[in-house]
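Just structure17.cif here, mmCIF, C-alpha atoms:
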```cif
data_final
#
loop_
_atom_site.label_atom_id
_atom_site.label_comp_id
_atom_site.auth_asym_id
_atom_site.auth_seq_id
_atom_site.Cartn_x
_atom_site.Cartn_y
_atom_site.Cartn_z
CA MET A 1 -35.80 -3.64 -25.52
CA VAL A 2 -36.13 -4.72 -21.90
CA TRP A 3 -32.92 -6.71 -22.22
CA ASP A 4 -31.06 -3.67 -23.62
CA SER A 5 -32.32 -1.56 -20.73
CA LEU A 6 -31.17 -4.20 -18.28
CA VAL A 7 -27.67 -4.26 -19.81
CA THR A 8 -27.57 -0.46 -19.61
CA VAL A 9 -28.59 -0.57 -15.95
CA THR A 10 -25.90 -3.14 -15.14
CA LEU A 11 -23.35 -1.05 -17.03
CA LEU A 12 -24.33 2.03 -15.02
CA PHE A 13 -24.10 -0.03 -11.84
CA SER A 14 -20.56 -1.09 -12.80
CA ILE A 15 -19.57 2.49 -13.60
CA ILE A 16 -20.86 3.75 -10.24
CA THR A 17 -19.31 1.01 -8.09
CA GLY A 18 -16.10 1.06 -10.18
CA THR A 19 -15.77 4.84 -9.73
CA ALA A 20 -16.24 4.47 -5.97
CA ALA A 21 -13.65 1.67 -5.82
CA SER A 22 -11.28 3.68 -8.00
CA LEU A 23 -11.56 6.78 -5.78
CA LEU A 24 -10.97 4.69 -2.67
CA SER A 25 -7.96 3.02 -4.28
CA PHE A 26 -6.43 6.44 -5.06
CA LEU A 27 -7.00 7.48 -1.44
CA THR A 28 -5.41 4.22 -0.29
CA LEU A 29 -2.50 4.86 -2.65
CA GLU A 30 -2.02 8.30 -1.09
CA ILE A 31 -1.72 6.60 2.30
CA LEU A 32 0.31 3.56 1.30
CA LYS A 33 2.52 4.88 -1.48
CA ARG A 34 5.65 4.74 0.66
CA SER A 35 4.82 1.42 2.26
CA PRO A 36 5.97 -1.96 0.92
CA PHE A 37 2.52 -2.32 -0.66
CA GLY A 38 2.74 0.98 -2.55
CA ARG A 39 3.52 -0.60 -5.91
CA ALA A 40 0.68 -3.11 -5.62
CA VAL A 41 -1.83 -0.41 -4.67
CA PHE A 42 -0.59 1.68 -7.60
CA VAL A 43 -1.36 -1.22 -9.97
CA LEU A 44 -4.76 -1.63 -8.30
CA SER A 45 -5.53 2.05 -8.92
CA LEU A 46 -4.59 1.69 -12.59
CA VAL A 47 -6.72 -1.44 -12.97
CA LEU A 48 -9.73 0.21 -11.37
CA ALA A 49 -9.30 3.32 -13.51
CA LEU A 50 -9.20 1.02 -16.53
CA PHE A 51 -12.30 -0.76 -15.19
CA VAL A 52 -14.22 2.54 -15.18
CA LEU A 53 -12.91 3.54 -18.63
CA TYR A 54 -13.91 0.14 -20.03
CA HIS A 55 -17.48 0.41 -18.83
CA VAL A 56 -17.80 4.04 -19.85
CA ALA A 57 -16.48 3.14 -23.32
CA LEU A 58 -19.01 0.29 -23.56
CA PHE A 59 -21.77 2.64 -22.45
CA LEU A 60 -20.87 5.34 -24.96
CA MET A 61 -19.70 3.17 -27.89
CA PRO A 62 -21.39 -0.24 -27.75
CA GLY A 63 -20.57 -2.95 -30.26
CA ARG A 64 -16.77 -2.56 -30.70
CA LEU A 65 -16.06 -6.19 -29.97
CA ILE A 66 -12.27 -6.41 -30.45
CA LEU A 67 -11.67 -3.29 -28.40
CA GLU A 68 -13.97 -4.66 -25.68
CA HIS A 69 -12.11 -7.98 -25.54
CA ALA A 70 -8.68 -6.32 -25.54
CA PHE A 71 -9.73 -3.91 -22.78
CA LYS A 72 -11.14 -6.77 -20.71
CA SER A 73 -7.99 -8.89 -21.09
CA VAL A 74 -5.80 -5.99 -19.98
CA MET A 75 -8.01 -5.67 -16.89
CA TYR A 76 -7.72 -9.35 -15.99
CA THR A 77 -3.96 -9.18 -16.50
CA GLY A 78 -3.84 -6.14 -14.22
CA VAL A 79 -5.81 -7.90 -11.48
CA ALA A 80 -3.48 -10.90 -11.65
CA ALA A 81 -0.47 -8.53 -11.52
CA PHE A 82 -1.93 -6.74 -8.49
CA VAL A 83 -2.60 -9.97 -6.60
CA TRP A 84 0.88 -11.36 -7.25
CA LEU A 85 2.53 -8.05 -6.37
CA MET A 86 0.67 -8.25 -3.06
CA VAL A 87 1.95 -11.82 -2.58
CA TRP A 88 5.50 -10.70 -3.44
CA SER A 89 5.33 -7.68 -1.10
CA GLN A 90 4.05 -9.80 1.74
CA HIS A 91 6.63 -12.49 1.07
CA ARG A 92 9.43 -9.89 1.07
CA LEU A 93 8.19 -8.47 4.37
CA ARG A 94 8.33 -11.91 5.97
CA ARG A 95 11.63 -13.06 4.52
CA GLU A 96 13.97 -10.08 4.66
CA PRO A 97 16.23 -10.31 7.74
CA ASN A 98 16.20 -6.55 8.37
CA ASN A 99 12.45 -6.61 8.93
CA GLU A 100 13.00 -6.73 12.64
CA VAL A 101 13.06 -3.35 14.28
CA ARG A 102 16.52 -2.93 15.66
CA ALA A 103 16.02 -0.82 18.77
CA MET B 1 -20.16 -22.51 -25.63
CA SER B 2 -19.91 -20.50 -28.85
CA HIS B 3 -18.74 -17.58 -26.73
CA ILE B 4 -15.37 -19.20 -26.06
CA THR B 5 -12.66 -17.22 -27.87
CA PRO B 6 -8.88 -16.97 -27.33
CA PHE B 7 -9.62 -13.84 -25.28
CA THR B 8 -11.98 -15.83 -23.05
CA VAL B 9 -9.38 -18.55 -22.48
CA TYR B 10 -6.72 -15.94 -21.71
CA ASN B 11 -9.07 -14.19 -19.27
CA LEU B 12 -9.84 -17.49 -17.55
CA VAL B 13 -6.12 -18.27 -17.20
CA MET B 14 -5.46 -14.79 -15.74
CA GLY B 15 -8.47 -15.20 -13.46
CA ALA B 16 -7.24 -18.58 -12.22
CA LEU B 17 -3.77 -17.12 -11.64
CA ALA B 18 -5.26 -14.28 -9.60
CA ALA B 19 -7.46 -16.74 -7.69
CA VAL B 20 -4.42 -18.81 -6.68
CA GLY B 21 -2.70 -15.64 -5.43
CA ILE B 22 -5.79 -14.58 -3.50
CA GLY B 23 -6.03 -18.05 -1.97
CA TYR B 24 -2.41 -17.82 -0.82
CA LEU B 25 -2.89 -14.33 0.65
CA VAL B 26 -6.06 -15.32 2.47
CA TYR B 27 -4.44 -18.50 3.75
CA THR B 28 -1.41 -16.67 5.17
CA GLN B 29 -3.32 -13.78 6.73
CA PHE B 30 -6.80 -15.09 7.45
CA PHE B 31 -5.96 -16.27 10.93
CA VAL B 32 -5.05 -12.74 11.89
CA LEU B 33 -8.52 -11.88 13.10
CA ARG B 34 -8.25 -8.14 12.64
CA TYR B 35 -7.54 -8.33 8.89
CA ARG B 36 -10.43 -10.65 8.23
CA ARG B 37 -12.95 -8.05 7.15
CA PHE B 38 -10.50 -6.31 4.80
CA LEU B 39 -9.27 -9.60 3.33
CA PHE B 40 -12.72 -11.07 3.04
CA PHE B 41 -14.16 -8.20 1.03
CA LEU B 42 -11.11 -7.51 -1.12
CA GLY B 43 -10.48 -11.21 -1.76
CA THR B 44 -14.13 -11.89 -2.58
CA GLY B 45 -14.22 -8.87 -4.90
CA PHE B 46 -11.21 -10.07 -6.86
CA LEU B 47 -12.44 -13.66 -6.94
CA VAL B 48 -15.83 -12.56 -8.27
CA PHE B 49 -14.08 -10.42 -10.88
CA SER B 50 -11.35 -12.88 -11.83
CA LEU B 51 -13.40 -16.06 -12.00
CA GLY B 52 -16.99 -14.84 -12.11
CA GLY B 53 -16.32 -12.40 -14.96
CA PRO B 54 -14.89 -14.88 -17.49
CA ALA B 55 -17.40 -17.55 -16.37
CA ALA B 56 -20.33 -15.18 -16.88
CA GLY B 57 -18.81 -14.22 -20.24
CA ILE B 58 -19.23 -17.85 -21.33
CA VAL B 59 -22.49 -18.81 -19.62
CA ALA B 60 -24.45 -15.54 -19.60
CA PRO B 61 -22.63 -12.69 -21.39
CA GLY B 62 -25.44 -10.25 -20.69
CA TRP B 63 -24.84 -10.43 -16.96
CA VAL B 64 -21.10 -9.89 -17.05
CA HIS B 65 -21.38 -6.19 -16.16
CA LEU B 66 -23.52 -7.02 -13.14
CA VAL B 67 -20.79 -9.42 -12.00
CA HIS B 68 -18.20 -6.66 -12.53
CA GLY B 69 -20.33 -4.21 -10.56
CA ILE B 70 -20.75 -6.62 -7.65
CA ALA B 71 -16.98 -7.28 -7.66
CA ALA B 72 -16.29 -3.53 -7.53
CA LEU B 73 -18.78 -3.21 -4.67
CA PHE B 74 -16.82 -5.79 -2.66
CA VAL B 75 -13.61 -3.86 -3.40
CA VAL B 76 -15.31 -0.69 -2.12
CA PHE B 77 -16.21 -2.43 1.15
CA GLY B 78 -12.68 -3.83 1.42
CA LEU B 79 -10.91 -0.52 0.82
CA TYR B 80 -13.32 1.58 2.84
CA SER B 81 -12.03 0.39 6.19
CA PRO B 82 -8.33 1.28 5.84
CA VAL B 83 -9.16 4.60 4.19
CA HIS B 84 -11.76 5.41 6.82
CA ASN B 85 -9.38 4.58 9.64
CA ASP B 86 -6.50 6.33 7.86
CA LEU B 87 -4.23 3.52 9.03
CA ARG B 88 -4.27 4.86 12.55
CA THR B 89 -5.04 1.50 14.06
CA ASP B 90 -2.21 -0.44 15.60
CA GLU B 91 -2.76 -3.55 13.52
CA TRP B 92 -2.24 -1.68 10.24
CA VAL B 93 0.86 0.03 11.53
CA GLU B 94 2.14 -3.34 12.66
CA LEU B 95 1.44 -4.95 9.29
CA LEU B 96 2.70 -2.22 7.02
CA PHE B 97 5.43 -0.55 8.98
CA ARG B 98 6.98 -3.58 10.63
CA ASP B 99 10.26 -2.15 9.45
CA PRO B 100 9.78 1.60 9.14
CA GLY B 101 13.23 1.72 7.52
CA GLN B 102 11.52 0.52 4.36
CA VAL B 103 9.54 3.74 4.12
CA ARG B 104 12.25 6.15 5.29
CA HIS B 105 14.20 8.24 2.86
CA PRO B 106 17.67 8.95 4.28
CA GLU B 107 19.74 11.77 2.80
CA ASP B 108 23.35 11.45 1.70
CA TRP B 109 24.67 12.85 4.94
CA MET B 110 22.88 10.20 7.02
CA ARG B 111 24.49 7.02 8.30
CA PRO B 112 22.72 3.79 9.39
CA MET B 113 23.78 4.63 12.92
CA ASP B 114 21.61 7.78 12.84
CA GLU B 115 18.45 5.68 12.73
CA ARG B 116 19.61 3.67 15.72
CA ILE B 117 20.27 6.87 17.65
CA LEU B 118 16.82 8.23 16.73
CA GLU B 119 15.20 4.94 17.71
CA VAL B 120 16.78 5.15 21.18
CA PHE B 121 15.34 8.66 21.60
CA HIS B 122 11.97 7.47 20.30
CA SER B 123 11.73 4.41 22.54
CA SER B 124 12.78 6.28 25.69
CA GLY B 125 11.02 9.58 25.05
CA LEU B 126 13.62 11.20 27.31
CA VAL B 127 16.39 13.78 27.21
CA LEU B 128 19.56 11.69 26.80
CA THR B 129 23.30 12.18 26.92
CA PRO B 130 25.67 10.83 24.22
CA ALA B 131 27.08 8.36 26.76
CA ILE B 132 23.64 6.80 27.41
CA VAL B 133 22.83 6.61 23.71
CA ALA B 134 26.24 5.06 22.99
CA TYR B 135 25.72 2.51 25.78
CA ASN B 136 22.32 1.49 24.39
CA ILE B 137 23.40 1.00 20.79
CA ASP B 138 26.84 -0.36 21.61
CA TYR B 139 28.78 2.35 19.79
CA ASN B 140 31.72 4.55 20.66
CA LYS B 141 30.70 7.70 22.58
CA LYS B 142 32.86 9.94 20.37
CA GLU B 143 31.15 8.64 17.24
CA VAL B 144 27.71 9.12 18.81
CA ASN B 145 28.71 12.67 19.73
CA ARG B 146 29.72 13.35 16.14
CA ARG B 147 26.45 11.96 14.78
CA LEU B 148 24.41 13.89 17.34
CA SER B 149 26.06 17.11 16.16
CA GLU B 150 25.15 16.24 12.59
CA LEU B 151 21.57 15.34 13.59
CA THR B 152 21.34 18.62 15.54
CA ASP B 153 22.53 20.57 12.49
CA HIS B 154 19.72 18.99 10.48
CA ASP B 155 17.13 19.58 13.25
CA PHE B 156 16.45 15.88 13.87
CA VAL B 157 17.48 16.32 17.51
CA GLU B 158 17.98 19.45 19.60
CA ARG B 159 20.50 20.30 22.26
CA VAL B 160 18.58 20.99 25.48
CA GLU B 161 21.70 22.06 27.32
CA ARG B 162 25.35 21.18 27.09
CA GLY B 163 25.68 17.41 26.54
CA LYS B 164 21.90 16.72 26.68
CA TYR B 165 19.74 16.04 23.66
CA ARG B 166 16.14 15.24 22.77
CA MET B 167 14.44 14.30 19.52
CA THR B 168 12.50 16.95 17.58
CA ASP B 169 9.22 16.54 15.66
CA ILE B 170 11.24 16.33 12.43
CA GLY B 171 13.20 13.39 13.85
CA GLU B 172 9.96 11.75 14.92
CA HIS B 173 8.41 12.26 11.48
CA TYR B 174 11.51 10.84 9.85
CA LEU B 175 11.31 7.71 12.00
CA GLN B 176 7.67 7.23 11.04
CA GLY B 177 8.59 7.47 7.34
CA GLN B 178 6.71 10.76 6.94
CA PHE B 179 9.74 12.96 6.30
CA THR B 180 11.67 13.19 3.08
CA ALA B 181 14.99 14.95 3.61
CA THR B 182 15.42 16.09 0.03
CA ARG B 183 18.34 18.12 -1.21
CA GLU B 184 16.01 21.04 -1.93
CA ASN B 185 14.58 21.24 1.56
CA PRO B 186 16.83 19.25 3.85
CA ARG B 187 15.75 20.93 7.07
CA THR B 188 12.44 22.61 6.50
CA GLU B 189 8.89 21.72 7.39
CA GLU B 190 8.10 21.28 3.67
CA GLY B 191 9.95 18.03 3.93
CA ILE B 192 7.21 16.70 6.18
CA THR B 193 4.53 15.02 4.16
CA ASP B 194 1.06 14.96 5.63
CA ARG B 195 -0.89 11.78 5.52
#
```

Please rewrite the model in this file as structure tokens.
Amino acid sequence: MVWDSLVTVTLLFSIITGTAASLLSFLTLEILKRSPFGRAVFVLSLVLALFVLYHVALFLMPGRLILEHAFKSVMYTGVAAFVWLMVWSQHRLRREPNNEVRA
Amino acid sequence: MSHITPFTVYNLVMGALAAVGIGYLVYTQFFVLRYRRFLFFLGTGFLVFSLGGPAAGIVAPGWVHLVHGIAALFVVFGLYSPVHNDLRTDEWVELLFRDPGQVRHPEDWMRPMDERILEVFHSSGLVLTPAIVAYNIDYNKKEVNRRLSELTDHDFVERVERGKYRMTDIGEHYLQGQFTATRENPRTEEGITDR
């Protein structure tokens, strides 16, 4: 009983922090969408939205193991995609010859 | 160890992949002192999520949501700063808009030379003649004259008096990547997107 309550509390904690992170990522996307990092921040926003959905789904419908695993794997894939998009964006910024301001 | 499933292995691989990427990003940018806070929190958040999540899933599955929550908290701290500052600080502008051309959206009528002309106006902040602009960008005066007429028609520069021009707010917004000269509203204020 105590253990179940503890899991519920940690789930709620994840939902709250995930929602805050998700909102901030959408605000960041609004600012950076036309920058070289726009695509990466877009992926980050999707991943964080998925993060919130995952925890809400677990909170409302506990015990659907396959769905939980699939959801979780998509999230980890999204995080890896975000990180490597950031690496690619940064690499492109450094390598492209027209990065220097001309005037 | 009975908790190890193909999903767990896949998650661990993805987590390790993300961790390598984070390590690379932190390594290349960590010595830039001003990005440290942002990188530290965002990097830590993703490391906790990518490696801590799958690890907790194996060792202590009950605590995995706490690990997720802590990771999200780090991401909140990481993202709060740029959002709070609205990218107005010089270091962010320097990092993200090193080449503002990457965030500009030129229309069909524009030529690469137009940006060079606008950049001369921007860097000087003065009323200039076509001859001075042409001298600074190493172009023919006649061609600069032609482009200035086009830029004037589209309100990117304005004619102060005969043969003297200055850049307008629309031209300035375009240079900063905040103006989209779409076909629907090529010259109107609607083309200016607020940040």

Starting from the PyMOL selection byres ((chain A) within 9 of (chain B)), expand the selection into actual residues of this file and give them as an mmCIF file with C-alpha atoms, in the coordinates of the input.
```cif
data_model
loop_
_atom_site.group_PDB
_atom_site.id
_atom_site.type_symbol
_atom_site.label_atom_id
_atom_site.label_comp_id
_atom_site.auth_asym_id
_atom_site.auth_seq_id
_atom_site.Cartn_x
_atom_site.Cartn_y
_atom_site.Cartn_z
ATOM 1 C CA TRP A 3 -32.920 -6.710 -22.220
ATOM 2 C CA LEU A 6 -31.170 -4.200 -18.280
ATOM 3 C CA VAL A 7 -27.670 -4.260 -19.810
ATOM 4 C CA VAL A 9 -28.590 -0.570 -15.950
ATOM 5 C CA THR A 10 -25.900 -3.140 -15.140
ATOM 6 C CA LEU A 11 -23.350 -1.050 -17.030
ATOM 7 C CA LEU A 12 -24.330 2.030 -15.020
ATOM 8 C CA PHE A 13 -24.100 -0.030 -11.840
ATOM 9 C CA SER A 14 -20.560 -1.090 -12.800
ATOM 10 C CA ILE A 15 -19.570 2.490 -13.600
ATOM 11 C CA ILE A 16 -20.860 3.750 -10.240
ATOM 12 C CA THR A 17 -19.310 1.010 -8.090
ATOM 13 C CA GLY A 18 -16.100 1.060 -10.180
ATOM 14 C CA THR A 19 -15.770 4.840 -9.730
ATOM 15 C CA ALA A 20 -16.240 4.470 -5.970
ATOM 16 C CA ALA A 21 -13.650 1.670 -5.820
ATOM 17 C CA SER A 22 -11.280 3.680 -8.000
ATOM 18 C CA LEU A 24 -10.970 4.690 -2.670
ATOM 19 C CA SER A 25 -7.960 3.020 -4.280
ATOM 20 C CA LEU A 27 -7.000 7.480 -1.440
ATOM 21 C CA THR A 28 -5.410 4.220 -0.290
ATOM 22 C CA GLU A 30 -2.020 8.300 -1.090
ATOM 23 C CA ILE A 31 -1.720 6.600 2.300
ATOM 24 C CA LEU A 32 0.310 3.560 1.300
ATOM 25 C CA ARG A 34 5.650 4.740 0.660
ATOM 26 C CA SER A 35 4.820 1.420 2.260
ATOM 27 C CA PRO A 36 5.970 -1.960 0.920
ATOM 28 C CA PHE A 37 2.520 -2.320 -0.660
ATOM 29 C CA LEU A 48 -9.730 0.210 -11.370
ATOM 30 C CA PHE A 51 -12.300 -0.760 -15.190
ATOM 31 C CA HIS A 55 -17.480 0.410 -18.830
ATOM 32 C CA HIS A 69 -12.110 -7.980 -25.540
ATOM 33 C CA ALA A 70 -8.680 -6.320 -25.540
ATOM 34 C CA LYS A 72 -11.140 -6.770 -20.710
ATOM 35 C CA SER A 73 -7.990 -8.890 -21.090
ATOM 36 C CA VAL A 74 -5.800 -5.990 -19.980
ATOM 37 C CA MET A 75 -8.010 -5.670 -16.890
ATOM 38 C CA TYR A 76 -7.720 -9.350 -15.990
ATOM 39 C CA THR A 77 -3.960 -9.180 -16.500
ATOM 40 C CA GLY A 78 -3.840 -6.140 -14.220
ATOM 41 C CA VAL A 79 -5.810 -7.900 -11.480
ATOM 42 C CA ALA A 80 -3.480 -10.900 -11.650
ATOM 43 C CA ALA A 81 -0.470 -8.530 -11.520
ATOM 44 C CA PHE A 82 -1.930 -6.740 -8.490
ATOM 45 C CA VAL A 83 -2.600 -9.970 -6.600
ATOM 46 C CA TRP A 84 0.880 -11.360 -7.250
ATOM 47 C CA MET A 86 0.670 -8.250 -3.060
ATOM 48 C CA VAL A 87 1.950 -11.820 -2.580
ATOM 49 C CA GLN A 90 4.050 -9.800 1.740
ATOM 50 C CA LEU A 93 8.190 -8.470 4.370
ATOM 51 C CA ASN A 98 16.200 -6.550 8.370
ATOM 52 C CA ASN A 99 12.450 -6.610 8.930
ATOM 53 C CA GLU A 100 13.000 -6.730 12.640
ATOM 54 C CA VAL A 101 13.060 -3.350 14.280
ATOM 55 C CA ARG A 102 16.520 -2.930 15.660
ATOM 56 C CA ALA A 103 16.020 -0.820 18.770
#
```

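Each of A:Phe26, A:Thr8, A:Val2, A:Ser89 was checked against Met61 in chain A using all atoms listed in the file; the smallest atom-to-atom distance is that of A:Thr8.
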
- Item | Long-range neighbours of Arg162 in chain B as a list in words, 12 Å cut-off, all atoms listed in the file, 6 positions minimum in chain | Val127, Leu128, Thr129, Pro130, Asn145 and Ser149 of chain B

- Query: So what do you get for CA of Leu85 in chain A versus CA of Leu42 in chain B, distance-wise?
  - Reply: 14.6 Å

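In this model, the gap between CA of His154 in chain B and CA of Tyr135 in chain B comes to 23.3 Å.
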
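Of note, CA of Leu44 in chain A and CA of Arg37 in chain B are spaced 18.6 Å apart.
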